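Have a look at target_32.tsv; it's TSV, C-alpha atoms:
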chain	number	residue	atom	x	y	z
P	150	MET	CA	10.89	-73.10	26.67
P	151	ILE	CA	12.03	-72.74	30.24
P	152	VAL	CA	10.98	-69.62	32.12
P	153	THR	CA	12.88	-68.70	35.27
P	154	VAL	CA	10.97	-66.36	37.54
P	155	ASP	CA	12.43	-64.01	40.12
P	156	ALA	CA	11.31	-65.65	43.36
P	157	GLY	CA	12.92	-65.71	46.79
P	158	LYS	CA	14.39	-68.88	48.35
P	159	GLU	CA	11.58	-69.20	50.90
P	160	GLN	CA	8.93	-68.80	48.21
P	161	ILE	CA	10.59	-71.47	46.06
P	162	LEU	CA	10.90	-73.87	49.00
P	163	HIS	CA	7.22	-73.37	49.83
P	164	MET	CA	6.24	-74.07	46.21
P	165	ARG	CA	8.39	-77.23	46.15
P	166	GLU	CA	6.74	-78.49	49.33
P	167	ARG	CA	3.27	-77.98	47.85
P	168	ALA	CA	4.15	-79.39	44.41
P	169	SER	CA	1.63	-81.90	43.07
P	170	LYS	CA	4.30	-83.91	41.24
P	171	ALA	CA	8.11	-84.13	41.16
P	172	GLU	CA	10.39	-86.13	38.87
P	173	TYR	CA	14.02	-86.19	37.85
P	174	MET	CA	14.94	-85.31	34.28
P	175	GLU	CA	17.84	-86.88	32.34
P	176	SER	CA	20.29	-84.71	34.25
P	177	ALA	CA	20.25	-84.15	37.99
P	178	THR	CA	17.60	-81.46	37.44
P	179	LYS	CA	14.34	-82.00	39.26
P	180	LYS	CA	11.13	-81.05	37.46
P	181	ILE	CA	8.16	-80.18	39.65
P	182	ARG	CA	4.54	-79.51	38.81
P	183	LEU	CA	3.34	-76.57	40.85
P	184	HIS	CA	0.21	-76.63	42.98
P	185	PRO	CA	-2.59	-74.77	41.13
P	186	GLU	CA	-2.51	-71.85	43.59
P	187	ASP	CA	1.27	-71.54	43.13
P	188	ILE	CA	0.90	-71.47	39.34
P	189	GLU	CA	-1.15	-68.31	39.67
P	190	THR	CA	1.47	-66.81	42.01
P	191	ALA	CA	4.33	-67.75	39.67
P	192	GLN	CA	2.57	-66.18	36.71
P	193	GLY	CA	2.59	-62.85	38.55
P	194	LEU	CA	6.34	-62.91	39.27
P	195	PRO	CA	8.88	-61.04	37.13
P	196	ILE	CA	10.77	-63.15	34.60
P	197	ARG	CA	14.48	-63.51	35.36
P	198	ALA	CA	15.49	-65.60	32.32
P	199	LEU	CA	14.23	-67.53	29.30
P	200	ALA	CA	15.85	-70.59	27.78
P	201	VAL	CA	14.86	-72.11	24.46
P	202	ILE	CA	15.97	-75.38	22.89
P	203	PRO	CA	14.85	-75.10	19.26
P	204	SER	CA	13.38	-78.18	17.61
P	205	ALA	CA	15.49	-77.50	14.50
P	206	ASN	CA	19.23	-78.14	14.54
P	207	LEU	CA	20.80	-74.71	14.05
P	208	GLU	CA	24.22	-74.34	12.47
P	209	GLU	CA	26.54	-71.64	13.78
P	210	ALA	CA	26.46	-69.92	10.35
P	211	VAL	CA	22.66	-69.60	10.54
P	212	LEU	CA	22.87	-68.13	14.04
P	213	LEU	CA	25.55	-65.64	12.95
P	214	GLU	CA	23.39	-64.61	10.02
P	215	ARG	CA	20.41	-64.09	12.32
P	216	PHE	CA	22.13	-62.39	15.28
P	217	GLY	CA	25.34	-61.02	13.75
P	218	PRO	CA	28.85	-61.42	15.08
P	219	PRO	CA	28.98	-62.09	18.83
P	220	ALA	CA	30.86	-59.86	21.25
P	221	GLU	CA	32.64	-63.01	22.36
P	222	ARG	CA	32.99	-66.57	21.00
P	223	LEU	CA	34.23	-69.33	23.30
P	224	GLU	CA	34.78	-73.07	22.90
P	225	ASP	CA	34.55	-75.44	25.85
P	226	ASP	CA	36.14	-78.84	26.51
P	227	HIS	CA	33.16	-80.60	24.90
P	228	LYS	CA	33.62	-78.81	21.54
P	229	ARG	CA	30.56	-76.65	22.19
P	230	VAL	CA	30.70	-73.06	20.99
P	231	HIS	CA	29.30	-70.23	23.11
P	232	LEU	CA	28.20	-67.12	21.22
P	233	LEU	CA	27.79	-64.23	23.65
P	234	TYR	CA	25.74	-61.10	22.93
P	235	PRO	CA	25.75	-59.10	26.20
P	236	ALA	CA	24.05	-56.04	24.66
P	237	LYS	CA	21.10	-58.28	23.69
P	238	GLY	CA	21.17	-60.35	26.88
P	239	LEU	CA	21.63	-63.45	24.72
P	240	ALA	CA	23.97	-66.43	25.07
P	241	ILE	CA	23.81	-69.26	22.55
P	242	VAL	CA	25.35	-72.70	22.94
P	243	VAL	CA	26.06	-74.44	19.63
P	244	ASP	CA	26.50	-78.16	20.31
P	245	PRO	CA	27.70	-80.33	17.40
P	246	LYS	CA	26.59	-83.49	19.24
P	247	GLY	CA	23.34	-82.19	20.72
P	248	LYS	CA	20.75	-79.44	20.63
P	249	GLU	CA	21.42	-75.74	20.63
P	250	LEU	CA	20.41	-73.60	23.60
P	251	LEU	CA	19.42	-69.93	23.51
P	252	GLN	CA	19.37	-68.15	26.86
P	253	TYR	CA	17.96	-64.66	27.40
P	254	VAL	CA	18.32	-62.36	30.39
P	255	ALA	CA	18.05	-58.61	30.80
P	256	PRO	CA	21.30	-57.19	29.39
P	257	ARG	CA	22.14	-55.68	32.79
P	258	ASN	CA	22.14	-59.25	34.22
P	259	PHE	CA	24.29	-60.80	31.50
P	260	SER	CA	27.03	-61.72	33.99
P	261	VAL	CA	24.86	-64.63	35.22
P	262	LEU	CA	25.35	-66.21	31.78
P	263	ARG	CA	28.99	-65.16	31.33
P	264	GLU	CA	30.49	-65.92	34.75
P	265	PRO	CA	30.03	-69.73	34.64
P	266	LEU	CA	32.02	-69.79	31.39
P	267	ARG	CA	34.95	-68.01	33.03
P	268	ASN	CA	35.23	-70.64	35.74
P	269	PRO	CA	34.24	-73.98	34.14

If you took the structure in this file and wrote it as structure tokens, what would it be?
Amino acid sequence: MIVTVDAGKEQILHMRERASKAEYMESATKKIRLHPEDIETAQGLPIRALAVIPSANLEEAVLLERFGPPAERLEDDHKRVHLLYPAKGLAIVVDPKGKELLQYVAPRNFSVLREPLRNP
């Protein structure tokens, strides 16, 4: 699970500078291990988003059974399907060649999940 907290740019930069460890993941994403004092600070910040990559491979039919029909269903150039549930603050990526991704935000902030799909 990936938890995104609502922190300002300066606060994030400060935490990156104090990080006890930094490494690149498979993508260009950089993973940092926060300084112990910053962990406590981060735990007190509001959560902006949650992302979950389930260990089980989830078929689209199973997701539709669980969450119902989406408000919008999109396919991208990579044959991934995006199931969008703005009222629930949920966007699901169904990837036939990889793992599924469930992303949660407050419903009022759903545009942060929808907008990147409008302008790929």

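The shell of residues at most 7 Å from Ile196 (chain P), with all atoms listed in the file counted and near chain neighbours (fewer than 5 positions) removed, consists of Val152, Thr153, Val154 and Asp155 of chain P.
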
Identify, on the basis of only C-alpha atoms, every residue whose closest approach to Arg229 (chain P) does not exceed 6 Å; exclude the query and any residue fewer than 5 positions from it along the same chain; express the result as a PDB file with C-alpha atoms, keeping the file's coordinate frame.
ATOM      1  CA  GLU P 224      34.780 -73.070  22.900  1.00  0.00           C
ATOM      2  CA  VAL P 243      26.060 -74.440  19.630  1.00  0.00           C
ATOM      3  CA  ASP P 244      26.500 -78.160  20.310  1.00  0.00           C
TER       4      ASP P 244
END

Which residue out of P:Ala236, P:Leu212, P:Ile202, P:Leu223 has the minimum interatomic distance to Met150 (chain P) when only C-alpha atoms are used?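 For Met150 (chain P), the nearest of the candidates is P:Ile202.
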
Expressed in Å to a single decimal, how great is the separation between CA of Lys246 (chain P) and CA of His227 (chain P)? 9.1 Å

Using all atoms listed in the file, which of P:Val201, P:Ala168, P:Leu194, P:Leu233 sits nearest Leu213 (chain P)?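 That would be P:Leu233, the residue with the smallest distance to Leu213 (chain P).
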
What separation in Å, quoted to one decimal, exists between CA of Ala205 (chain P) and CA of Lys248 (chain P)? 8.3 Å

Quick check, in Å to one decimal: how far apart do CA of Leu207 (chain P) and CA of Glu249 (chain P) lie? 6.7 Å
